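> The structure file entry_1.cif (mmCIF, C-alpha atoms) is provided below.
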data_target
#
loop_
_atom_site.label_atom_id
_atom_site.label_comp_id
_atom_site.auth_asym_id
_atom_site.auth_seq_id
_atom_site.Cartn_x
_atom_site.Cartn_y
_atom_site.Cartn_z
CA MET J 5 169.04 109.78 121.22
CA LEU J 6 167.83 112.34 118.73
CA SER J 7 165.71 110.92 115.93
CA SER J 8 164.46 112.30 112.65
CA PRO J 9 161.10 114.11 112.81
CA TRP J 10 159.85 111.73 110.10
CA ALA J 11 160.48 108.74 112.38
CA ARG J 12 157.27 109.40 114.31
CA PHE J 13 155.25 108.68 111.13
CA TYR J 14 156.98 105.36 110.53
CA SER J 15 154.94 102.23 111.11
CA ASN J 16 155.10 98.64 109.87
CA SER J 17 151.30 98.29 109.71
CA CYS J 18 148.68 99.90 107.51
CA CYS J 19 144.89 99.90 107.66
CA LEU J 20 145.35 98.77 111.29
CA CYS J 21 145.48 95.11 110.24
CA CYS J 22 148.10 94.29 107.59
CA HIS J 23 151.79 94.87 107.04
CA VAL J 24 152.93 97.80 104.90
CA ARG J 25 154.51 95.37 102.45
CA THR J 26 151.21 93.53 102.04
CA GLY J 27 149.34 96.84 101.75
CA THR J 28 151.72 98.05 99.03
CA ILE J 29 151.23 94.82 97.07
CA ILE J 30 147.44 95.16 97.34
CA LEU J 31 147.62 98.82 96.32
CA GLY J 32 149.86 98.04 93.36
CA VAL J 33 147.55 95.25 92.17
CA TRP J 34 144.50 97.53 92.56
CA TYR J 35 146.09 100.29 90.46
CA LEU J 36 147.22 97.66 87.98
CA ILE J 37 143.66 96.39 87.54
CA ILE J 38 142.23 99.90 87.13
CA ASN J 39 144.79 100.93 84.54
CA SER J 40 144.37 97.64 82.68
CA VAL J 41 140.62 98.25 82.43
CA VAL J 42 141.25 101.80 81.20
CA LEU J 43 143.71 100.46 78.63
CA LEU J 44 141.17 97.94 77.36
CA ILE J 45 138.57 100.70 76.98
CA LEU J 46 141.04 102.92 75.10
CA LEU J 47 142.07 100.09 72.80
CA SER J 48 138.43 99.33 72.11
CA ALA J 49 137.86 102.99 71.32
CA LEU J 50 140.79 102.99 68.90
CA THR J 51 139.48 99.92 67.08
CA ASP J 52 135.89 101.23 66.94
CA PRO J 53 136.01 105.06 66.95
CA ASP J 54 132.33 105.53 66.06
CA GLN J 55 131.23 103.91 69.30
CA TYR J 56 133.17 106.20 71.64
CA HIS J 57 133.52 109.47 69.73
CA LEU J 58 130.93 112.09 70.60
CA THR J 59 130.15 114.71 68.02
CA SER J 60 130.05 118.41 68.71
CA ALA J 61 126.25 118.38 68.41
CA GLU J 62 125.97 115.85 71.22
CA LEU J 63 128.25 117.91 73.44
CA GLY J 64 126.74 121.25 72.52
CA GLY J 65 130.17 122.69 71.77
CA GLU J 66 132.63 123.12 68.96
CA PHE J 67 134.98 120.28 69.81
CA GLU J 68 135.06 116.50 69.88
CA PHE J 69 135.14 114.54 73.09
CA MET J 70 138.39 112.77 72.22
CA ASP J 71 140.29 112.62 68.95
CA ASP J 72 142.79 110.02 67.83
CA ALA J 73 145.80 111.98 69.12
CA ASN J 74 144.38 112.24 72.62
CA MET J 75 143.46 108.56 72.53
CA CYS J 76 147.03 107.62 71.67
CA ILE J 77 148.40 109.82 74.45
CA ALA J 78 145.96 108.31 76.96
CA THR J 79 146.94 104.81 75.81
CA ALA J 80 150.64 105.58 76.29
CA ILE J 81 149.95 106.95 79.78
CA SER J 82 147.97 103.83 80.67
CA LEU J 83 150.81 101.61 79.50
CA LEU J 84 153.28 103.64 81.58
CA MET J 85 151.04 103.39 84.64
CA ILE J 86 150.72 99.62 84.20
CA LEU J 87 154.52 99.37 84.09
CA ILE J 88 154.92 101.53 87.22
CA CYS J 89 152.29 99.58 89.16
CA ALA J 90 153.81 96.26 88.11
CA MET J 91 157.24 97.46 89.26
CA ALA J 92 155.85 98.49 92.66
CA THR J 93 154.07 95.17 93.11
CA TYR J 94 157.15 93.20 92.12
CA GLY J 95 159.42 95.34 94.27
CA ALA J 96 157.26 94.90 97.36
CA TYR J 97 156.89 91.15 96.76
CA LYS J 98 160.59 90.50 96.08
CA GLN J 99 161.71 93.17 98.60
CA HIS J 100 163.53 95.38 96.10
CA ALA J 101 163.12 98.92 97.43
CA VAL J 102 164.33 100.66 94.28
CA TRP J 103 161.43 99.27 92.24
CA ILE J 104 158.94 101.07 94.52
CA ILE J 105 160.37 104.56 93.90
CA PRO J 106 158.55 105.25 90.55
CA PHE J 107 155.19 104.40 92.09
CA PHE J 108 155.95 106.60 95.09
CA CYS J 109 156.88 109.50 92.78
CA TYR J 110 153.60 109.02 90.90
CA GLN J 111 151.71 109.22 94.20
CA ILE J 112 153.46 112.49 95.08
CA PHE J 113 152.68 113.92 91.63
CA ASP J 114 149.02 112.89 91.88
CA PHE J 115 148.76 114.39 95.38
CA ALA J 116 150.27 117.67 94.15
CA LEU J 117 147.78 117.87 91.25
CA ASN J 118 144.82 117.33 93.58
CA THR J 119 146.21 119.97 95.94
CA LEU J 120 146.43 122.45 93.05
CA VAL J 121 142.80 121.68 92.15
CA ALA J 122 141.74 122.39 95.74
CA ILE J 123 143.69 125.67 95.76
CA SER J 124 142.21 126.75 92.43
CA VAL J 125 138.68 126.04 93.68
CA LEU J 126 139.38 128.00 96.84
CA VAL J 127 140.93 130.97 95.04
CA TYR J 128 138.63 131.01 92.00
CA PRO J 129 135.26 129.58 93.09
CA SER J 130 133.58 130.91 89.96
CA THR J 131 135.38 128.29 87.87
CA ILE J 132 132.95 125.67 89.20
CA GLN J 133 129.97 127.42 87.64
CA ASP J 134 131.89 127.91 84.39
CA TYR J 135 132.70 124.22 84.32
CA LEU J 136 129.06 123.28 84.95
CA HIS J 137 127.91 125.49 82.07
CA GLN J 138 130.33 123.69 79.73
CA LEU J 139 128.87 120.27 80.53
CA PRO J 140 126.50 118.70 77.96
CA SER J 141 122.81 119.41 78.41
CA ASN J 142 122.09 115.70 78.94
CA PHE J 143 124.65 115.38 81.75
CA PRO J 144 123.03 113.61 84.77
CA TYR J 145 121.77 115.95 87.52
CA LYS J 146 123.23 119.02 85.83
CA GLU J 147 120.25 121.25 86.61
CA GLU J 148 120.09 120.07 90.23
CA ILE J 149 123.78 120.80 90.77
CA MET J 150 123.54 124.24 89.20
CA SER J 151 120.59 125.10 91.43
CA VAL J 152 122.69 124.62 94.58
CA ASN J 153 123.96 127.74 96.34
CA PRO J 154 127.45 128.50 94.90
CA THR J 155 128.97 128.92 98.38
CA CYS J 156 127.58 125.59 99.57
CA LEU J 157 128.75 123.95 96.37
CA VAL J 158 132.29 125.22 96.90
CA VAL J 159 132.27 123.98 100.52
CA ILE J 160 131.02 120.54 99.45
CA ILE J 161 133.63 120.24 96.71
CA LEU J 162 136.43 121.36 99.04
CA LEU J 163 135.30 118.87 101.69
CA PHE J 164 135.22 116.10 99.11
CA ILE J 165 138.70 117.00 97.84
CA SER J 166 140.02 117.19 101.42
CA ILE J 167 138.81 113.65 102.11
CA ILE J 168 140.47 112.45 98.91
CA LEU J 169 143.72 114.22 99.83
CA ALA J 170 143.72 112.70 103.32
CA PHE J 171 143.20 109.23 101.88
CA LYS J 172 145.90 109.72 99.24
CA GLY J 173 148.28 111.03 101.91
CA TYR J 174 147.69 107.92 103.98
CA LEU J 175 148.44 105.70 100.98
CA ILE J 176 151.63 107.67 100.34
CA SER J 177 152.72 107.07 103.94
CA CYS J 178 152.03 103.33 103.56
CA VAL J 179 154.19 103.07 100.44
CA TRP J 180 156.93 105.18 102.03
CA ASN J 181 156.93 103.00 105.15
CA CYS J 182 157.15 99.92 102.93
CA TYR J 183 160.16 101.43 101.17
CA ARG J 184 161.83 102.17 104.52
CA TYR J 185 161.04 98.71 105.84
CA ILE J 186 162.55 96.94 102.82
CA SER J 187 165.58 99.25 102.78
CA GLY J 188 166.19 98.72 106.50
CA ARG J 189 165.75 94.96 106.15
CA ASN J 190 168.24 94.77 103.30
CA ASN J 191 170.74 96.91 105.22
CA SER J 192 170.37 94.75 108.32
CA ASP J 193 171.01 91.63 106.22
CA VAL J 194 174.27 93.18 104.98
CA LEU J 195 175.33 94.06 108.54
CA VAL J 196 174.58 90.55 109.75
CA TYR J 197 176.70 89.15 106.94
CA ILE J 198 179.63 91.40 107.87
CA THR J 199 179.52 90.70 111.60
CA THR J 200 179.22 86.93 111.13
CA ASN J 201 182.15 86.75 108.72
CA ASP J 202 185.23 85.00 110.18
CA THR J 203 187.68 87.44 108.58
CA ALA J 204 188.31 90.79 110.22
CA VAL J 205 189.63 93.98 108.63
CA LEU J 206 192.40 95.87 110.42
CA LEU J 207 191.58 99.55 110.62
CA PRO J 208 194.27 102.24 110.41
CA PRO J 209 195.20 104.18 113.54
CA TYR J 210 192.49 106.54 114.58
CA ASP J 211 192.51 109.78 116.54
CA ASP J 212 191.36 109.84 120.12
CA PRO J 213 188.58 112.49 120.25
CA VAL J 214 189.32 113.17 123.95
CA ASN J 215 193.11 113.41 124.12
CA GLY J 216 193.68 114.28 120.47
CA THR J 217 196.36 111.59 120.07
CA ALA J 218 196.65 108.73 117.68
CA LYS J 219 195.96 105.30 119.10
CA ASP J 220 196.24 101.80 117.78
CA PRO J 221 193.01 100.08 116.82
CA PRO J 222 191.52 97.52 119.19
CA PRO J 223 192.28 93.86 118.49
CA PRO J 224 190.06 92.37 115.77
CA TYR J 225 187.09 90.36 116.83
CA VAL J 226 186.97 86.85 115.43
CA SER J 227 183.81 84.87 115.85
CA ALA J 228 183.96 81.39 117.20
#
What is this file in structure tokens?


Amino acid sequence: MLSSPWARFYSNSCCLCCHVRTGTIILGVWYLIINSVVLLILLSALTDPDQYHLTSAELGGEFEFMDDANMCIATAISLLMILICAMATYGAYKQHAVWIIPFFCYQIFDFALNTLVAISVLVYPSTIQDYLHQLPSNFPYKEEIMSVNPTCLVVIILLFISIILAFKGYLISCVWNCYRYISGRNNSDVLVYITTNDTAVLLPPYDDPVNGTAKDPPPPYVSA
């Protein structure tokens, strides 16, 4: 039988030890914790702006680190991420495949952004030096990083991004396999319910694909 080319990437296990459903729950809880911590930091920054706002003199530029508008946008994004992660965790736990789709779409979007960063670094390697020059003078290890050969720095950054992309791609495959597993399990439950039902549905006459003539349907099967 011919199978889909994506079927070869399907597996019910992740991290070589746990089920994809368990892995998706763990991943959803992990993202939920991270975004909750970020939300707490942003809320603390909104309640006490003087503690988290950096002046232009501290940054050595003509802008502030984060104004109130950006803080509100970041808070809204954190709330949205918490909702998406909670939906994925609940969907994997209760085996509702539809609830996992938003988290899967977020993973695809995040993977695409990281891929664009890698492409921009590869096409425009000079942007790394420009970014380093824009960092504050008191940034840790700024001078040591700028003293590295630009070509070696680009190779190191690309290698680091490649590792991150490979890891994110593996997590995407785990969530996708969890979605397929739950969808297939729900479909199989529906089929079992239909085949074990005592009532049978009479089908209309169907065409014989060999002789091209209409034939009567076979007698209905009634379970004992």

> CA of Gly173 in chain J and CA of Val24 in chain J, how far apart in Å?

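Interatomic distance, CA of Val24 in chain J to CA of Gly173 in chain J: 14.3 Å.
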
> Suppose you want the space between CA of Arg189 in chain J and CA of Ala101 in chain J; what is it in Å?

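These atoms are spaced 9.9 Å apart.
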
> Work out how far CA of Ala122 in chain J is from CA of Met150 in chain J, in Å to one decimal.

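Distance between the two atoms: 19.4 Å.
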
> Up to 12 Å from (159.3, 95.6, 90.1) in the file's coordinates: name the residues, counting only C-alpha atoms, as a PyMOL selection string.

chain J and resi 28-29+32-33+86-107

> Please identify all polymer residues within 10 Å of range 159-164 of chain J, counting all atoms listed in the file, omitting same-chain residues fewer than 3 positions from it, and present them as a PyMOL selection string.

chain J and resi 121-123+125-126+129+132+154-156+167-169

> Tell me which residues come within 12 Å of (139.9, 101.4, 80.8), as a PyMOL selection string, counting only C-alpha atoms in the file's coordinates.

chain J and resi 35-49+75+78-79+81-83+85-86

> Excluding Tyr185 in chain J and its own-chain neighbours fewer than 2 positions away, which residues fall within 10 Å of it when counting only C-alpha atoms? Please give them as a list of chain:residue names.

J:Tyr14, J:Ser15, J:Asn16, J:Val24, J:Arg25, J:Gln99, J:Ala101, J:Val179, J:Trp180, J:Asn181, J:Cys182, J:Tyr183, J:Ser187, J:Gly188, J:Arg189, J:Asn190, J:Asn191
